[in-house]
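Enquirer: Before we start, here is the structure in question, set down as structure tokens.
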Amino acid sequence: MDTLLLTSREHDLLEVICRFPQGIGIELLLHQLQKPVTRRTLQRLLRGLVQKKQVAVFGKGPATLYKPIEEPDFSIPIAPDGRDILTYIQQPLFKRQPTSYDRDFLGAYEPNRTYYLGETTRTMLRRMGDTGKMVRPAGTYAHLVLNHLLIDLSWSSSRLEGNTYSRLDTQQLIEFGREAAGKNAQEVQMILNHKAAILLLVDSIDDVGFDLHTFLSLQGLLSENLLADPEASGRLRKRPIEIAGSVYRPLALPQVIEEVFREVLFKANTIQDPFEQAFFILVHIPYLQPFEDVNKRVSRLGANISFLKHNLCPLTFIGVPNSFYIDAVLAVYEMTRIELLRDLFVWAYERSTREYLAVQKSLVEPDPLRLHYREHIHELVRRIVQNCKIESMEDIQEYAKAHLPAQDQERFIEVVLDDLKRLHEGVLARYKIKPIEWLRWQNVMGRNRPTSI
């Protein structure tokens, strides 16, 4: 049955179920839904999804699990100019015309004069992505939703690369370092690499941008311990590569790759509209293939630089069907056609905004002092724990006097002491504290009752 017949409530329910590819029971579903429903209503919605071949049922009674059908169709609207592209790309390889990198595709793009996204589309996206914090310092919104962003973007971007971790597995790995049973080390590494790259963007939002250093750093983090040649991590490509399942052949000469890559970044940095800027990166980084691997991952995280800097909702790629994403990228590779990727971008961003504006309503406005001195707080807490400090008040006071204006010192001291009191396993990553360091500090604290904290 055509999924265009799904109701909005069925769509919302299907999105939740898709976060649990190993299956989810009705009790957990009742707690996962953002809008409360009765058990009877939930059962009716589930029956509808089963009838429409979007969900499969396993087990009986209390052990019943509902699992998403592989690659569920969320009915991404395709504009008429994209249907002929899809028809061509879905042909067997031998029927598609071999092609190579076309420098005229990039050369024809003039920032702020050429637009891949029309004015109406850009206006609509800005309205959808408005968090109410666009006049705040860069990164304000990202810090507000950081925990959700780390999990959602790491999970969904990894999933597009074939990673089989569920969202819940990803959450357990990112928050507590717990690896899911039966998964391979490569999947673990991929998710942790995403976490590190996202933290780089958020923690250094004033310094990152559409420049060589930022994108080499992103690739270096995303490719850590995943490349056959470790020397290729964090470096531009020095050898020819092939794209599996495609008739496209990227550039081969290293000096030309670097020249074109710098042109891509220059043009991206010149674009004023954040949505056009993000989409430009999603198009041209994979098309150029400047790195030996993880090019699409770099483009997905790099596209979010625009949104993080402008305090717009991030683009997390939640629910993006892998097959459609591949077809959209292949259309750029083999046809230099962006229509499919454009339709996917708009659809995916709308889904991300629905998710994050709902999340935002449940969050408390961040403490301005905590936000402003976030790195100082984290550094000081980490230093105290790593050095197994017990009498910490003097150290905190000295640090505050050395780094903060007088009017902020008293409140800063209160915040650091409060964070030390509340320190537990689930927040260690926030301070870059290793579990073994925390346990050692806990043991010392147990033997020496603190007088200052």
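In the structure tokens, chains take the letters A, B, ... in the order shown, each chain's residues start at 1, and ligands count up from 1 in the order shown.
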If we count only C-alpha atoms and set the cut-off at 10 Å, which residues sit around Lys432 in chain A, ignoring sequence neighbours fewer than 3 positions away in its own chain? Please answer as a VMD selection string.
Expert: chain A and resid 378 to 379 381 to 382 427 to 429 435
Enquirer: Pull N, CA and C atoms from the residues just selected and write them as a short mmCIF file (atom, residue, chain, number, x, y, z; two decimals), in the first residue's frame.
Expert:
```cif
data_model
loop_
_atom_site.label_atom_id
_atom_site.label_comp_id
_atom_site.auth_asym_id
_atom_site.auth_seq_id
_atom_site.Cartn_x
_atom_site.Cartn_y
_atom_site.Cartn_z
N HIS A 378 34.67 23.38 32.51
CA HIS A 378 35.04 22.02 32.18
C HIS A 378 36.52 21.76 32.46
N GLU A 379 37.35 22.71 32.11
CA GLU A 379 38.80 22.54 32.32
C GLU A 379 39.13 22.42 33.80
N VAL A 381 37.11 21.57 36.41
CA VAL A 381 36.58 20.33 36.98
C VAL A 381 37.47 19.15 36.58
N ARG A 382 37.86 19.11 35.32
CA ARG A 382 38.74 18.04 34.84
C ARG A 382 40.08 18.05 35.59
N VAL A 427 27.94 12.02 32.96
CA VAL A 427 28.35 13.35 32.47
C VAL A 427 29.87 13.48 32.34
N LEU A 428 30.60 12.40 32.50
CA LEU A 428 32.06 12.48 32.44
C LEU A 428 32.55 12.97 31.09
N ALA A 429 31.86 12.57 30.01
CA ALA A 429 32.29 12.98 28.67
C ALA A 429 32.24 14.49 28.51
N PRO A 435 36.53 7.39 32.81
CA PRO A 435 35.92 6.71 33.96
C PRO A 435 36.92 6.30 35.03
#
```
Enquirer: What are the closest atom pairs, with distances in Å to one decimal, for each residue of range 139-256 of chain A lying within 10 Å of range 90-101 of chain A, using only C-alpha atoms, rows by chain and rising residue number, as a Markdown table?
Expert:
```
| residue | atom | partner | partner_atom | distance |
| --- | --- | --- | --- | --- |
| A:Gly245 | CA | A:Leu93 | CA | 7.3 |
| A:Ser246 | CA | A:Leu93 | CA | 6.8 |
| A:Val247 | CA | A:Pro98 | CA | 4.7 |
| A:Tyr248 | CA | A:Thr99 | CA | 5.0 |
| A:Arg249 | CA | A:Ser100 | CA | 4.7 |
| A:Pro250 | CA | A:Tyr101 | CA | 5.3 |
| A:Leu251 | CA | A:Tyr101 | CA | 5.9 |
| A:Ala252 | CA | A:Tyr101 | CA | 9.5 |
```
Enquirer: Extract, using only C-alpha atoms, all DNA, RNA and protein residues at most 12 Å from Leu13 in chain A, discarding same-chain residues fewer than 5 positions from it, and format them as a PDB file with N, CA and C atoms, in the first residue's frame.
Expert:
```
ATOM      1  N   LEU A   6      -0.342   7.203   4.792  1.00  0.00           N
ATOM      2  CA  LEU A   6      -0.062   7.276   6.221  1.00  0.00           C
ATOM      3  C   LEU A   6      -0.589   8.582   6.800  1.00  0.00           C
ATOM      4  N   THR A   7      -1.208   8.494   7.966  1.00  0.00           N
ATOM      5  CA  THR A   7      -1.644   9.700   8.660  1.00  0.00           C
ATOM      6  C   THR A   7      -0.442  10.337   9.344  1.00  0.00           C
ATOM      7  N   SER A   8      -0.592  11.572   9.798  1.00  0.00           N
ATOM      8  CA  SER A   8       0.515  12.250  10.481  1.00  0.00           C
ATOM      9  C   SER A   8       0.899  11.514  11.759  1.00  0.00           C
ATOM     10  N   CYS A  18      11.488   3.344  13.911  1.00  0.00           N
ATOM     11  CA  CYS A  18      12.702   3.245  13.088  1.00  0.00           C
ATOM     12  C   CYS A  18      13.963   3.503  13.891  1.00  0.00           C
ATOM     13  N   ARG A  19      13.827   4.069  15.071  1.00  0.00           N
ATOM     14  CA  ARG A  19      14.991   4.269  15.930  1.00  0.00           C
ATOM     15  C   ARG A  19      15.405   2.972  16.623  1.00  0.00           C
ATOM     16  N   PHE A  20      14.569   1.951  16.520  1.00  0.00           N
ATOM     17  CA  PHE A  20      14.826   0.686  17.204  1.00  0.00           C
ATOM     18  C   PHE A  20      14.756  -0.467  16.190  1.00  0.00           C
ATOM     19  N   ILE A  24      10.868  -2.875  19.197  1.00  0.00           N
ATOM     20  CA  ILE A  24      10.466  -2.135  20.386  1.00  0.00           C
ATOM     21  C   ILE A  24       9.093  -2.628  20.827  1.00  0.00           C
ATOM     22  N   ILE A  26       5.453  -2.418  23.185  1.00  0.00           N
ATOM     23  CA  ILE A  26       4.432  -1.387  23.301  1.00  0.00           C
ATOM     24  C   ILE A  26       4.637  -0.519  24.539  1.00  0.00           C
ATOM     25  N   LEU A  29       7.251   1.993  23.734  1.00  0.00           N
ATOM     26  CA  LEU A  29       6.679   2.925  22.754  1.00  0.00           C
ATOM     27  C   LEU A  29       5.835   3.987  23.436  1.00  0.00           C
ATOM     28  N   LEU A  30       5.055   3.580  24.427  1.00  0.00           N
ATOM     29  CA  LEU A  30       4.197   4.539  25.136  1.00  0.00           C
ATOM     30  C   LEU A  30       5.018   5.652  25.780  1.00  0.00           C
ATOM     31  N   HIS A  31       6.238   5.341  26.186  1.00  0.00           N
ATOM     32  CA  HIS A  31       7.097   6.345  26.831  1.00  0.00           C
ATOM     33  C   HIS A  31       7.930   7.136  25.834  1.00  0.00           C
ATOM     34  N   GLN A  32       8.126   6.580  24.622  1.00  0.00           N
ATOM     35  CA  GLN A  32       8.968   7.244  23.629  1.00  0.00           C
ATOM     36  C   GLN A  32       8.216   8.306  22.833  1.00  0.00           C
ATOM     37  N   LEU A  33       6.914   8.167  22.700  1.00  0.00           N
ATOM     38  CA  LEU A  33       6.139   9.113  21.892  1.00  0.00           C
ATOM     39  C   LEU A  33       6.098  10.482  22.548  1.00  0.00           C
ATOM     40  N   GLN A  34       6.307  11.525  21.745  1.00  0.00           N
ATOM     41  CA  GLN A  34       6.292  12.891  22.282  1.00  0.00           C
ATOM     42  C   GLN A  34       4.891  13.311  22.708  1.00  0.00           C
ATOM     43  N   LYS A  35       3.892  12.891  21.926  1.00  0.00           N
ATOM     44  CA  LYS A  35       2.508  13.205  22.268  1.00  0.00           C
ATOM     45  C   LYS A  35       1.876  11.983  22.907  1.00  0.00           C
ATOM     46  N   PRO A  36       1.427  12.068  24.175  1.00  0.00           N
ATOM     47  CA  PRO A  36       0.858  10.909  24.872  1.00  0.00           C
ATOM     48  C   PRO A  36      -0.367  10.356  24.135  1.00  0.00           C
ATOM     49  N   VAL A  37      -0.475   9.019  24.089  1.00  0.00           N
ATOM     50  CA  VAL A  37      -1.640   8.353  23.518  1.00  0.00           C
ATOM     51  C   VAL A  37      -2.050   7.226  24.453  1.00  0.00           C
ATOM     52  N   THR A  41      -5.300   3.449  21.475  1.00  0.00           N
ATOM     53  CA  THR A  41      -4.979   4.234  20.284  1.00  0.00           C
ATOM     54  C   THR A  41      -3.672   3.769  19.663  1.00  0.00           C
ATOM     55  N   LEU A  42      -2.673   3.499  20.516  1.00  0.00           N
ATOM     56  CA  LEU A  42      -1.382   3.044  20.020  1.00  0.00           C
ATOM     57  C   LEU A  42      -1.525   1.706  19.291  1.00  0.00           C
ATOM     58  N   GLN A  43      -2.320   0.807  19.847  1.00  0.00           N
ATOM     59  CA  GLN A  43      -2.534  -0.485  19.199  1.00  0.00           C
ATOM     60  C   GLN A  43      -3.200  -0.319  17.838  1.00  0.00           C
ATOM     61  N   ARG A  44      -4.138   0.612  17.745  1.00  0.00           N
ATOM     62  CA  ARG A  44      -4.803   0.868  16.470  1.00  0.00           C
ATOM     63  C   ARG A  44      -3.816   1.417  15.443  1.00  0.00           C
ATOM     64  N   LEU A  45      -2.953   2.349  15.867  1.00  0.00           N
ATOM     65  CA  LEU A  45      -1.955   2.917  14.962  1.00  0.00           C
ATOM     66  C   LEU A  45      -0.975   1.846  14.492  1.00  0.00           C
ATOM     67  N   LEU A  46      -0.593   0.952  15.398  1.00  0.00           N
ATOM     68  CA  LEU A  46       0.332  -0.116  15.045  1.00  0.00           C
ATOM     69  C   LEU A  46      -0.291  -1.070  14.029  1.00  0.00           C
ATOM     70  N   ARG A  47      -1.559  -1.369  14.222  1.00  0.00           N
ATOM     71  CA  ARG A  47      -2.236  -2.237  13.259  1.00  0.00           C
ATOM     72  C   ARG A  47      -2.236  -1.603  11.868  1.00  0.00           C
ATOM     73  N   GLY A  48      -2.437  -0.289  11.838  1.00  0.00           N
ATOM     74  CA  GLY A  48      -2.420   0.416  10.560  1.00  0.00           C
ATOM     75  C   GLY A  48      -1.066   0.338   9.875  1.00  0.00           C
ATOM     76  N   LEU A  49       0.019   0.476  10.644  1.00  0.00           N
ATOM     77  CA  LEU A  49       1.361   0.408  10.074  1.00  0.00           C
ATOM     78  C   LEU A  49       1.694  -1.008   9.595  1.00  0.00           C
ATOM     79  N   VAL A  50       1.200  -2.001  10.300  1.00  0.00           N
ATOM     80  CA  VAL A  50       1.405  -3.382   9.873  1.00  0.00           C
ATOM     81  C   VAL A  50       0.663  -3.647   8.566  1.00  0.00           C
ATOM     82  N   GLN A  54       4.618  -1.223   6.731  1.00  0.00           N
ATOM     83  CA  GLN A  54       5.694  -0.370   7.225  1.00  0.00           C
ATOM     84  C   GLN A  54       6.356  -0.955   8.466  1.00  0.00           C
ATOM     85  N   VAL A  55       5.642  -1.839   9.172  1.00  0.00           N
ATOM     86  CA  VAL A  55       6.128  -2.413  10.428  1.00  0.00           C
ATOM     87  C   VAL A  55       5.834  -3.905  10.432  1.00  0.00           C
ATOM     88  N   TYR A  66       7.766  -4.701  17.728  1.00  0.00           N
ATOM     89  CA  TYR A  66       7.435  -4.086  16.443  1.00  0.00           C
ATOM     90  C   TYR A  66       8.728  -3.572  15.833  1.00  0.00           C
ATOM     91  N   LYS A  67       9.022  -4.040  14.609  1.00  0.00           N
ATOM     92  CA  LYS A  67      10.262  -3.662  13.938  1.00  0.00           C
ATOM     93  C   LYS A  67       9.950  -2.970  12.615  1.00  0.00           C
ATOM     94  N   PRO A  68      10.763  -1.972  12.248  1.00  0.00           N
ATOM     95  CA  PRO A  68      10.538  -1.306  10.955  1.00  0.00           C
ATOM     96  C   PRO A  68      10.887  -2.222   9.800  1.00  0.00           C
TER      97      PRO A  68
END
```
Enquirer: List as a list in words the protein and nucleic acid residues near range 409-420 of chain A, meaning an atom at most 7 Å away when only C-alpha atoms are counted, but skip any in the same chain fewer than 6 places from it.
Expert: Ile377, Val381, Ile396, Gln397, Ala400, Lys401 and Ile453 of chain A
Enquirer: May I have all residues of range 247-315 of chain A that DSSP, computed from the backbone, assigns to alpha helix (DSSP H), given as a PDB file with N, CA and C atoms, in the first residue's frame?
Expert:
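Full text of result_20.pdb as output:
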```pdb
ATOM      1  N   PRO A 254      46.772  15.089  -7.515  1.00  0.00           N
ATOM      2  CA  PRO A 254      46.714  15.741  -6.205  1.00  0.00           C
ATOM      3  C   PRO A 254      46.703  17.266  -6.274  1.00  0.00           C
ATOM      4  N   GLN A 255      47.526  17.849  -7.168  1.00  0.00           N
ATOM      5  CA  GLN A 255      47.587  19.312  -7.219  1.00  0.00           C
ATOM      6  C   GLN A 255      46.275  19.911  -7.716  1.00  0.00           C
ATOM      7  N   VAL A 256      45.589  19.203  -8.614  1.00  0.00           N
ATOM      8  CA  VAL A 256      44.299  19.685  -9.111  1.00  0.00           C
ATOM      9  C   VAL A 256      43.229  19.520  -8.027  1.00  0.00           C
ATOM     10  N   ILE A 257      43.287  18.421  -7.308  1.00  0.00           N
ATOM     11  CA  ILE A 257      42.335  18.199  -6.203  1.00  0.00           C
ATOM     12  C   ILE A 257      42.433  19.328  -5.191  1.00  0.00           C
ATOM     13  N   GLU A 258      43.652  19.680  -4.805  1.00  0.00           N
ATOM     14  CA  GLU A 258      43.819  20.754  -3.825  1.00  0.00           C
ATOM     15  C   GLU A 258      43.332  22.090  -4.385  1.00  0.00           C
ATOM     16  N   GLU A 259      43.652  22.361  -5.626  1.00  0.00           N
ATOM     17  CA  GLU A 259      43.233  23.619  -6.248  1.00  0.00           C
ATOM     18  C   GLU A 259      41.706  23.744  -6.266  1.00  0.00           C
ATOM     19  N   VAL A 260      41.037  22.683  -6.680  1.00  0.00           N
ATOM     20  CA  VAL A 260      39.576  22.721  -6.759  1.00  0.00           C
ATOM     21  C   VAL A 260      38.963  22.760  -5.362  1.00  0.00           C
ATOM     22  N   PHE A 261      39.557  22.021  -4.423  1.00  0.00           N
ATOM     23  CA  PHE A 261      39.044  22.014  -3.050  1.00  0.00           C
ATOM     24  C   PHE A 261      39.099  23.414  -2.445  1.00  0.00           C
ATOM     25  N   ARG A 262      40.174  24.113  -2.673  1.00  0.00           N
ATOM     26  CA  ARG A 262      40.271  25.476  -2.162  1.00  0.00           C
ATOM     27  C   ARG A 262      39.215  26.379  -2.808  1.00  0.00           C
ATOM     28  N   GLU A 263      38.927  26.139  -4.081  1.00  0.00           N
ATOM     29  CA  GLU A 263      37.893  26.921  -4.757  1.00  0.00           C
ATOM     30  C   GLU A 263      36.515  26.615  -4.172  1.00  0.00           C
ATOM     31  N   VAL A 264      36.253  25.335  -3.876  1.00  0.00           N
ATOM     32  CA  VAL A 264      34.978  24.959  -3.247  1.00  0.00           C
ATOM     33  C   VAL A 264      34.813  25.694  -1.914  1.00  0.00           C
ATOM     34  N   LEU A 265      35.855  25.681  -1.091  1.00  0.00           N
ATOM     35  CA  LEU A 265      35.772  26.315   0.218  1.00  0.00           C
ATOM     36  C   LEU A 265      35.642  27.826   0.096  1.00  0.00           C
ATOM     37  N   PHE A 266      36.362  28.406  -0.855  1.00  0.00           N
ATOM     38  CA  PHE A 266      36.264  29.859  -1.048  1.00  0.00           C
ATOM     39  C   PHE A 266      34.839  30.258  -1.418  1.00  0.00           C
ATOM     40  N   LYS A 267      34.253  29.529  -2.340  1.00  0.00           N
ATOM     41  CA  LYS A 267      32.892  29.864  -2.759  1.00  0.00           C
ATOM     42  C   LYS A 267      31.898  29.621  -1.629  1.00  0.00           C
ATOM     43  N   ALA A 268      32.082  28.524  -0.899  1.00  0.00           N
ATOM     44  CA  ALA A 268      31.183  28.235   0.222  1.00  0.00           C
ATOM     45  C   ALA A 268      31.252  29.342   1.263  1.00  0.00           C
ATOM     46  N   ASN A 269      32.452  29.801   1.553  1.00  0.00           N
ATOM     47  CA  ASN A 269      32.632  30.842   2.563  1.00  0.00           C
ATOM     48  C   ASN A 269      32.025  32.171   2.126  1.00  0.00           C
ATOM     49  N   THR A 270      31.907  32.376   0.819  1.00  0.00           N
ATOM     50  CA  THR A 270      31.376  33.632   0.280  1.00  0.00           C
ATOM     51  C   THR A 270      29.849  33.662   0.283  1.00  0.00           C
ATOM     52  N   PRO A 274      22.628  30.859   4.852  1.00  0.00           N
ATOM     53  CA  PRO A 274      23.116  29.643   5.513  1.00  0.00           C
ATOM     54  C   PRO A 274      22.586  28.346   4.895  1.00  0.00           C
ATOM     55  N   PHE A 275      21.373  28.378   4.332  1.00  0.00           N
ATOM     56  CA  PHE A 275      20.815  27.158   3.744  1.00  0.00           C
ATOM     57  C   PHE A 275      21.460  26.852   2.391  1.00  0.00           C
ATOM     58  N   GLU A 276      21.656  27.880   1.593  1.00  0.00           N
ATOM     59  CA  GLU A 276      22.367  27.708   0.333  1.00  0.00           C
ATOM     60  C   GLU A 276      23.801  27.246   0.598  1.00  0.00           C
ATOM     61  N   GLN A 277      24.409  27.816   1.618  1.00  0.00           N
ATOM     62  CA  GLN A 277      25.778  27.467   2.000  1.00  0.00           C
ATOM     63  C   GLN A 277      25.871  25.986   2.398  1.00  0.00           C
ATOM     64  N   ALA A 278      24.933  25.544   3.224  1.00  0.00           N
ATOM     65  CA  ALA A 278      24.928  24.147   3.673  1.00  0.00           C
ATOM     66  C   ALA A 278      24.710  23.199   2.499  1.00  0.00           C
ATOM     67  N   PHE A 279      23.756  23.530   1.639  1.00  0.00           N
ATOM     68  CA  PHE A 279      23.455  22.649   0.517  1.00  0.00           C
ATOM     69  C   PHE A 279      24.615  22.611  -0.477  1.00  0.00           C
ATOM     70  N   PHE A 280      25.275  23.720  -0.682  1.00  0.00           N
ATOM     71  CA  PHE A 280      26.443  23.777  -1.568  1.00  0.00           C
ATOM     72  C   PHE A 280      27.509  22.781  -1.112  1.00  0.00           C
ATOM     73  N   ILE A 281      27.737  22.710   0.194  1.00  0.00           N
ATOM     74  CA  ILE A 281      28.723  21.774   0.740  1.00  0.00           C
ATOM     75  C   ILE A 281      28.275  20.335   0.534  1.00  0.00           C
ATOM     76  N   LEU A 282      26.991  20.068   0.728  1.00  0.00           N
ATOM     77  CA  LEU A 282      26.470  18.709   0.518  1.00  0.00           C
ATOM     78  C   LEU A 282      26.623  18.258  -0.926  1.00  0.00           C
ATOM     79  N   VAL A 283      26.618  19.208  -1.841  1.00  0.00           N
ATOM     80  CA  VAL A 283      26.779  18.888  -3.263  1.00  0.00           C
ATOM     81  C   VAL A 283      28.254  18.706  -3.629  1.00  0.00           C
ATOM     82  N   HIS A 284      29.079  19.679  -3.275  1.00  0.00           N
ATOM     83  CA  HIS A 284      30.420  19.741  -3.881  1.00  0.00           C
ATOM     84  C   HIS A 284      31.513  18.967  -3.156  1.00  0.00           C
ATOM     85  N   ILE A 285      31.367  18.712  -1.863  1.00  0.00           N
ATOM     86  CA  ILE A 285      32.383  17.895  -1.192  1.00  0.00           C
ATOM     87  C   ILE A 285      32.338  16.447  -1.695  1.00  0.00           C
ATOM     88  N   PRO A 286      31.171  15.799  -1.699  1.00  0.00           N
ATOM     89  CA  PRO A 286      31.149  14.429  -2.247  1.00  0.00           C
ATOM     90  C   PRO A 286      31.513  14.382  -3.731  1.00  0.00           C
ATOM     91  N   TYR A 287      31.080  15.381  -4.493  1.00  0.00           N
ATOM     92  CA  TYR A 287      31.359  15.363  -5.933  1.00  0.00           C
ATOM     93  C   TYR A 287      32.860  15.420  -6.208  1.00  0.00           C
ATOM     94  N   LEU A 288      33.573  16.244  -5.460  1.00  0.00           N
ATOM     95  CA  LEU A 288      35.016  16.354  -5.653  1.00  0.00           C
ATOM     96  C   LEU A 288      35.760  15.143  -5.093  1.00  0.00           C
ATOM     97  N   ASN A 295      34.124  11.202   2.703  1.00  0.00           N
ATOM     98  CA  ASN A 295      33.758  12.478   2.085  1.00  0.00           C
ATOM     99  C   ASN A 295      32.315  12.872   2.379  1.00  0.00           C
ATOM    100  N   LYS A 296      31.389  11.915   2.280  1.00  0.00           N
ATOM    101  CA  LYS A 296      29.983  12.247   2.532  1.00  0.00           C
ATOM    102  C   LYS A 296      29.773  12.597   3.999  1.00  0.00           C
ATOM    103  N   ARG A 297      30.472  11.902   4.895  1.00  0.00           N
ATOM    104  CA  ARG A 297      30.373  12.228   6.319  1.00  0.00           C
ATOM    105  C   ARG A 297      30.877  13.653   6.587  1.00  0.00           C
ATOM    106  N   VAL A 298      31.979  14.001   5.956  1.00  0.00           N
ATOM    107  CA  VAL A 298      32.510  15.363   6.102  1.00  0.00           C
ATOM    108  C   VAL A 298      31.492  16.386   5.606  1.00  0.00           C
ATOM    109  N   SER A 299      30.825  16.075   4.496  1.00  0.00           N
ATOM    110  CA  SER A 299      29.856  17.027   3.941  1.00  0.00           C
ATOM    111  C   SER A 299      28.649  17.185   4.860  1.00  0.00           C
ATOM    112  N   ARG A 300      28.202  16.093   5.488  1.00  0.00           N
ATOM    113  CA  ARG A 300      27.024  16.177   6.360  1.00  0.00           C
ATOM    114  C   ARG A 300      27.317  16.995   7.606  1.00  0.00           C
ATOM    115  N   LEU A 301      28.482  16.805   8.202  1.00  0.00           N
ATOM    116  CA  LEU A 301      28.821  17.601   9.378  1.00  0.00           C
ATOM    117  C   LEU A 301      29.215  19.015   8.977  1.00  0.00           C
ATOM    118  N   GLY A 302      29.921  19.133   7.849  1.00  0.00           N
ATOM    119  CA  GLY A 302      30.317  20.463   7.388  1.00  0.00           C
ATOM    120  C   GLY A 302      29.127  21.346   7.064  1.00  0.00           C
ATOM    121  N   ALA A 303      28.066  20.745   6.533  1.00  0.00           N
ATOM    122  CA  ALA A 303      26.858  21.513   6.227  1.00  0.00           C
ATOM    123  C   ALA A 303      26.260  22.126   7.479  1.00  0.00           C
ATOM    124  N   ASN A 304      26.457  21.475   8.622  1.00  0.00           N
ATOM    125  CA  ASN A 304      25.871  21.976   9.870  1.00  0.00           C
ATOM    126  C   ASN A 304      26.612  23.175  10.447  1.00  0.00           C
ATOM    127  N   ILE A 305      27.793  23.483   9.923  1.00  0.00           N
ATOM    128  CA  ILE A 305      28.501  24.681  10.391  1.00  0.00           C
ATOM    129  C   ILE A 305      27.620  25.913  10.222  1.00  0.00           C
ATOM    130  N   SER A 306      26.943  26.004   9.080  1.00  0.00           N
ATOM    131  CA  SER A 306      26.075  27.154   8.808  1.00  0.00           C
ATOM    132  C   SER A 306      24.990  27.282   9.871  1.00  0.00           C
ATOM    133  N   PHE A 307      24.383  26.169  10.220  1.00  0.00           N
ATOM    134  CA  PHE A 307      23.271  26.195  11.167  1.00  0.00           C
ATOM    135  C   PHE A 307      23.746  26.476  12.587  1.00  0.00           C
ATOM    136  N   LEU A 308      24.885  25.907  12.972  1.00  0.00           N
ATOM    137  CA  LEU A 308      25.416  26.143  14.312  1.00  0.00           C
ATOM    138  C   LEU A 308      25.802  27.599  14.504  1.00  0.00           C
ATOM    139  N   LYS A 309      26.413  28.199  13.502  1.00  0.00           N
ATOM    140  CA  LYS A 309      26.842  29.594  13.619  1.00  0.00           C
ATOM    141  C   LYS A 309      25.660  30.558  13.696  1.00  0.00           C
TER     142      LYS A 309
END
```
Enquirer: Skip Thr336 in chain A itself and residues of its chain fewer than 2 positions away, then list as an MDAnalysis selection string all residues within 9 Å of it, counting only C-alpha atoms.
Expert: chainID A and resid 102 105 287 330:334 338
Enquirer: Under the rule of at most 9 Å, produce a per-residue listing of range 46-102 of chain A near range 342-348 of chain A: chain, number, name, the closest pair of atoms, and the distance in Å, as JSON lines, using only C-alpha atoms.
Expert:
```
{"residue": "A:Ile76", "atom": "CA", "partner": "A:Trp347", "partner_atom": "CA", "distance": 6.6}
{"residue": "A:Pro77", "atom": "CA", "partner": "A:Asp343", "partner_atom": "CA", "distance": 6.9}
{"residue": "A:Ile78", "atom": "CA", "partner": "A:Asp343", "partner_atom": "CA", "distance": 6.1}
{"residue": "A:Ala79", "atom": "CA", "partner": "A:Asp343", "partner_atom": "CA", "distance": 7.2}
{"residue": "A:Gly82", "atom": "CA", "partner": "A:Asp343", "partner_atom": "CA", "distance": 8.3}
```
Enquirer: Write the residues you've just listed into a file as a PDB file, in the first residue's frame, and include N, CA and C atoms for each of them.
Expert:
```pdb
ATOM      1  N   ILE A  76       9.218  10.792   0.142  1.00  0.00           N
ATOM      2  CA  ILE A  76       9.850  12.083  -0.074  1.00  0.00           C
ATOM      3  C   ILE A  76       9.276  12.688  -1.354  1.00  0.00           C
ATOM      4  N   PRO A  77       8.697  13.865  -1.254  1.00  0.00           N
ATOM      5  CA  PRO A  77       8.134  14.486  -2.466  1.00  0.00           C
ATOM      6  C   PRO A  77       9.239  14.782  -3.476  1.00  0.00           C
ATOM      7  N   ILE A  78       9.060  14.337  -4.694  1.00  0.00           N
ATOM      8  CA  ILE A  78      10.032  14.574  -5.760  1.00  0.00           C
ATOM      9  C   ILE A  78       9.410  15.513  -6.781  1.00  0.00           C
ATOM     10  N   ALA A  79      10.097  16.613  -7.051  1.00  0.00           N
ATOM     11  CA  ALA A  79       9.615  17.557  -8.060  1.00  0.00           C
ATOM     12  C   ALA A  79       9.687  16.907  -9.435  1.00  0.00           C
ATOM     13  N   GLY A  82      12.913  16.001 -11.054  1.00  0.00           N
ATOM     14  CA  GLY A  82      13.757  14.979 -10.452  1.00  0.00           C
ATOM     15  C   GLY A  82      13.392  13.566 -10.841  1.00  0.00           C
TER      16      GLY A  82
END
```
Enquirer: Between A:Leu236, A:Leu150, A:Leu212, A:Ile243, which one has atoms that come closest to Ala197 in chain A, using only C-alpha atoms?
Expert: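 With only C-alpha atoms as the atom set, the closest residue is A:Leu150.
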Enquirer: Show me, as a ChimeraX atom specification, the residues that have an atom within 10 Å of range 221-228 of chain A when counting only C-alpha atoms, minus same-chain residues fewer than 2 positions from it.
Expert: /A:185-187,189-198,200,215-219,230-234,291-295,297-298,301
Enquirer: Go through A:His148, A:Arg430, A:Arg126, A:Arg354 one by one, measure the shortest atom-to-atom distance of each to Asp12 in chain A using only C-alpha atoms, and give the residue with the smallest value.
Expert: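 Closest to Asp12 in chain A of all the choices is A:Arg354.
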